[in-house]
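Colleague: Would you mind keeping the following structure in view while I ask a few things?
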Amino acid sequence: MALGDQQTNPVLTRDILTVSELNQAVARLLEESFDVSWVRGEVSNFTPAASGHWYFTLKDNGASVRAVMFRSRAAAVGFVPKSGDQIELKGRVTLYEARGEYQIQAEQMRRAGLGSLFEAFLALKNKLTQEGLFEAQNKRDIAKHPRAVGVITSLSAAALRDVLTALERRAPHVPVIIYPAMVQGADSALQLRQALALANERQEVDTLLLVRGGGSIEDLWSFNDEALARDISASLIPVVSGVGHETDFTIADFVADLRAPTPTAAAELVCTARVELSERVRRAQDQLTVGMQRKIDRLSQRVDRLAASLVSPAQRLSHQSERLSGLVFRLRAATQRSEQQRHNASERAIARLRGVLPELSTSRVSVERAAASLDSGFRRLHALRMAKLASLAAQCRALSPEQTLIRGYAIVRTQLGNVVRSSHEVNQSDTLEVSFAAGSANVQVLSLKHPQDGA
């Protein structure tokens, strides 16, 4: 389409156009005249905006053109270009109407000369994304307190020194096991896979660090290997990737359980700092001390309450002695009442007898002798009953717990206050309380002899 083609652009048939109308017509003309194209050049005046959009100039030895890449497209690039980088970008030619400047609106970007590698990277990334290897639900949790950390990298890599330095500073108590492998070159992907397999076979670490320093896409290409990506996904040990710089992305970063921007950052992510652990231990110790003291206080109060409710053996013996004395007193009183009742009955009988007997001197004499004999018999019976009562009282006193203790015997009780009557009621090492006539003692059972054991 040309500016002179007035039939297809009615705006241009007018004699006078506003600047806005002119730029709008030119914008439509550019968008309709140019297909999406790949353009190669050097980045200049690169400016990342706070909104996430990229503004820069693309130039070569003879010309330059402004370019813009909006945030949604920039997020998928995988690296952040800088001034001086040679890149290839795919975009549309548009006009920035406010200034009347044409620009390229970039949709894709890759490093210049690496188009085939970048295309392969994007193709593999899309393939594994569709298979779900990058899904969050497939990620394993990283151990907060690993018993050991494994590092897969080259023994001569600067990244290894950075990782070891960071781990020594942050968590010197965590052992580090190195699984050496090439990180660049034709056989590096295979060696990385073998090192990963060895770590999974030995199962001697809780976390694996897959690290190397920064570089070009060719330098990092080993970490874009499809077989390595699948091995990382199938690993029994969680894998943390720390490949390149913060702006470098590889397939290993996407499939790993955790991606760190640098090797040093990877080392700091897998271990809790010793200072933090020490502080946690101190706080836990303080809480434990306070909790134990509170429990001791509660148990002490409980012991005091139980002690107040206990009755000592001396008190129990005193109570039983008082009860026995009361029983003896009641027995004596009952005996005296019975004797008096019999005497009164005898007197009444004599009085009745005298009332019915004739007034004969001889009969009176006989009656008096009989009364005397009855009184004498009653007195003998009374004396016998009193002697028997005294004997029973003496027996009661002899059989009382106090008299038994005075004769050298003792009362044995368990700590619960139960009287021990047989060796079957106690166990070896039990603590028993022995009450004597005066005082008590706590003893421990050293050995036991049961009646069936013999002498």
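Each chain in the structure tokens gets a letter, A, B, ..., in the order shown, and its residues are numbered from 1; ligands are numbered from 1 in order too.
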Would you pick out the contacts of Leu392 in chain A at 12 Å or less, using only C-alpha atoms, so that residues sharing its chain but fewer than 4 positions from it are not included, and give the list as JSON, numbers by chain?

Modeller: {"A": [327, 328, 331, 332, 385, 386, 387, 388, 396, 397, 398, 399]}

Colleague: Residues of the last selection are to be written out with N, CA and C atoms, as an mmCIF file, in the first residue's frame.

Modeller:
data_model
loop_
_atom_site.group_PDB
_atom_site.id
_atom_site.type_symbol
_atom_site.label_atom_id
_atom_site.label_comp_id
_atom_site.auth_asym_id
_atom_site.auth_seq_id
_atom_site.Cartn_x
_atom_site.Cartn_y
_atom_site.Cartn_z
ATOM 1 N N LEU A 327 -14.881 -50.070 125.632
ATOM 2 C CA LEU A 327 -15.564 -51.364 125.681
ATOM 3 C C LEU A 327 -15.427 -51.998 127.070
ATOM 4 N N VAL A 328 -14.239 -51.909 127.698
ATOM 5 C CA VAL A 328 -14.042 -52.464 129.053
ATOM 6 C C VAL A 328 -14.944 -51.758 130.063
ATOM 7 N N LEU A 331 -18.418 -52.978 129.687
ATOM 8 C CA LEU A 331 -18.569 -54.336 130.203
ATOM 9 C C LEU A 331 -18.704 -54.327 131.730
ATOM 10 N N ARG A 332 -17.868 -53.537 132.417
ATOM 11 C CA ARG A 332 -17.939 -53.434 133.860
ATOM 12 C C ARG A 332 -19.286 -52.874 134.316
ATOM 13 N N ARG A 385 -18.051 -64.191 139.582
ATOM 14 C CA ARG A 385 -18.282 -63.369 138.384
ATOM 15 C C ARG A 385 -17.288 -62.196 138.305
ATOM 16 N N MET A 386 -17.009 -61.604 139.463
ATOM 17 C CA MET A 386 -16.050 -60.490 139.467
ATOM 18 C C MET A 386 -14.657 -60.972 139.126
ATOM 19 N N ALA A 387 -14.290 -62.167 139.639
ATOM 20 C CA ALA A 387 -12.962 -62.729 139.300
ATOM 21 C C ALA A 387 -12.878 -63.006 137.796
ATOM 22 N N LYS A 388 -13.970 -63.576 137.268
ATOM 23 C CA LYS A 388 -13.970 -63.845 135.825
ATOM 24 C C LYS A 388 -13.882 -62.558 135.012
ATOM 25 N N CYS A 396 -7.987 -58.832 127.909
ATOM 26 C CA CYS A 396 -8.178 -57.756 126.907
ATOM 27 C C CYS A 396 -6.972 -56.835 126.879
ATOM 28 N N ARG A 397 -6.492 -56.512 128.125
ATOM 29 C CA ARG A 397 -5.316 -55.644 128.162
ATOM 30 C C ARG A 397 -4.097 -56.327 127.572
ATOM 31 N N ALA A 398 -3.967 -57.645 127.855
ATOM 32 C CA ALA A 398 -2.808 -58.374 127.324
ATOM 33 C C ALA A 398 -2.861 -58.480 125.804
ATOM 34 N N LEU A 399 -4.080 -58.557 125.259
ATOM 35 C CA LEU A 399 -4.222 -58.704 123.801
ATOM 36 C C LEU A 399 -4.334 -57.376 123.074
#

Colleague: Using only C-alpha atoms, tabulate the residues of range 47-153 of chain A lying at most 12 Å from any atom of range 218-234 of chain A, each with its closest atom pair and that distance in Å to one decimal, by chain and increasing residue number, as CSV.

Modeller:
residue,atom,partner,partner_atom,distance
A:Arg111,CA,A:Glu218,CA,10.7
A:Gly113,CA,A:Glu218,CA,10.7
A:Leu114,CA,A:Glu218,CA,8.3
A:Gly115,CA,A:Glu218,CA,11.4
A:Ser116,CA,A:Glu218,CA,11.1
A:Leu117,CA,A:Glu218,CA,8.0
A:Phe118,CA,A:Glu218,CA,9.8
A:Glu119,CA,A:Asn224,CA,11.9
A:Ala120,CA,A:Asn224,CA,9.1
A:Phe121,CA,A:Asn224,CA,6.8
A:Leu122,CA,A:Asn224,CA,10.1
A:Ala123,CA,A:Glu226,CA,10.8
A:Leu124,CA,A:Glu226,CA,7.3
A:Lys125,CA,A:Asn224,CA,8.9
A:Asn126,CA,A:Glu226,CA,11.8
A:Lys127,CA,A:Glu226,CA,9.9
A:Leu128,CA,A:Glu226,CA,8.7
A:Thr129,CA,A:Ala229,CA,11.6
A:Glu131,CA,A:Arg230,CA,10.8
A:Gly132,CA,A:Ser233,CA,10.3
A:Leu133,CA,A:Ser233,CA,6.8
A:Phe134,CA,A:Ser233,CA,8.7
A:Glu135,CA,A:Ser233,CA,10.6
A:Ala136,CA,A:Ser233,CA,11.7
A:Gln137,CA,A:Ser233,CA,11.8
A:Asn138,CA,A:Ser233,CA,8.0
A:Lys139,CA,A:Ser233,CA,8.3
A:Arg140,CA,A:Ser233,CA,9.5
A:Ile152,CA,A:Phe223,CA,11.9
A:Thr153,CA,A:Phe223,CA,11.4

Colleague: Closest to Arg147 in chain A among A:Cys271, A:Leu160, A:Ser51, A:Ala189, using only C-alpha atoms?

Modeller: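 Looking at the shortest contact to Arg147 in chain A, the residue is A:Cys271.
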
Colleague: Closest to Thr94 in chain A among A:Gly214, A:His343, A:Val65, A:Ala441, using only C-alpha atoms?

Modeller: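 Among the listed residues, A:Val65 lies closest to Thr94 in chain A.
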
Colleague: Take CA of Ser435 in chain A and CA of Ile411 in chain A and report the distance between them in Å, one decimal.

Modeller: 5.1 Å

Colleague: Record the distance separating CA of Ala148 in chain A and CA of Val205 in chain A, expressed in Å with one decimal.

Modeller: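 According to the coordinates, CA of Ala148 in chain A and CA of Val205 in chain A are separated by 4.6 Å.
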
Colleague: Per DSSP on the backbone, what are the strand (DSSP E or B) residues of range 118-292 of chain A, as a list in words?

Modeller: Val149, Gly150, Val151, Ile152, Thr153, Val176, Ile177, Ile178, Tyr179, Pro180, Thr207, Leu208, Leu209, Leu210, Val211, Arg212, Val239, Val240, Ser241, Gly242, Val243, Leu258 and Arg259 of chain A
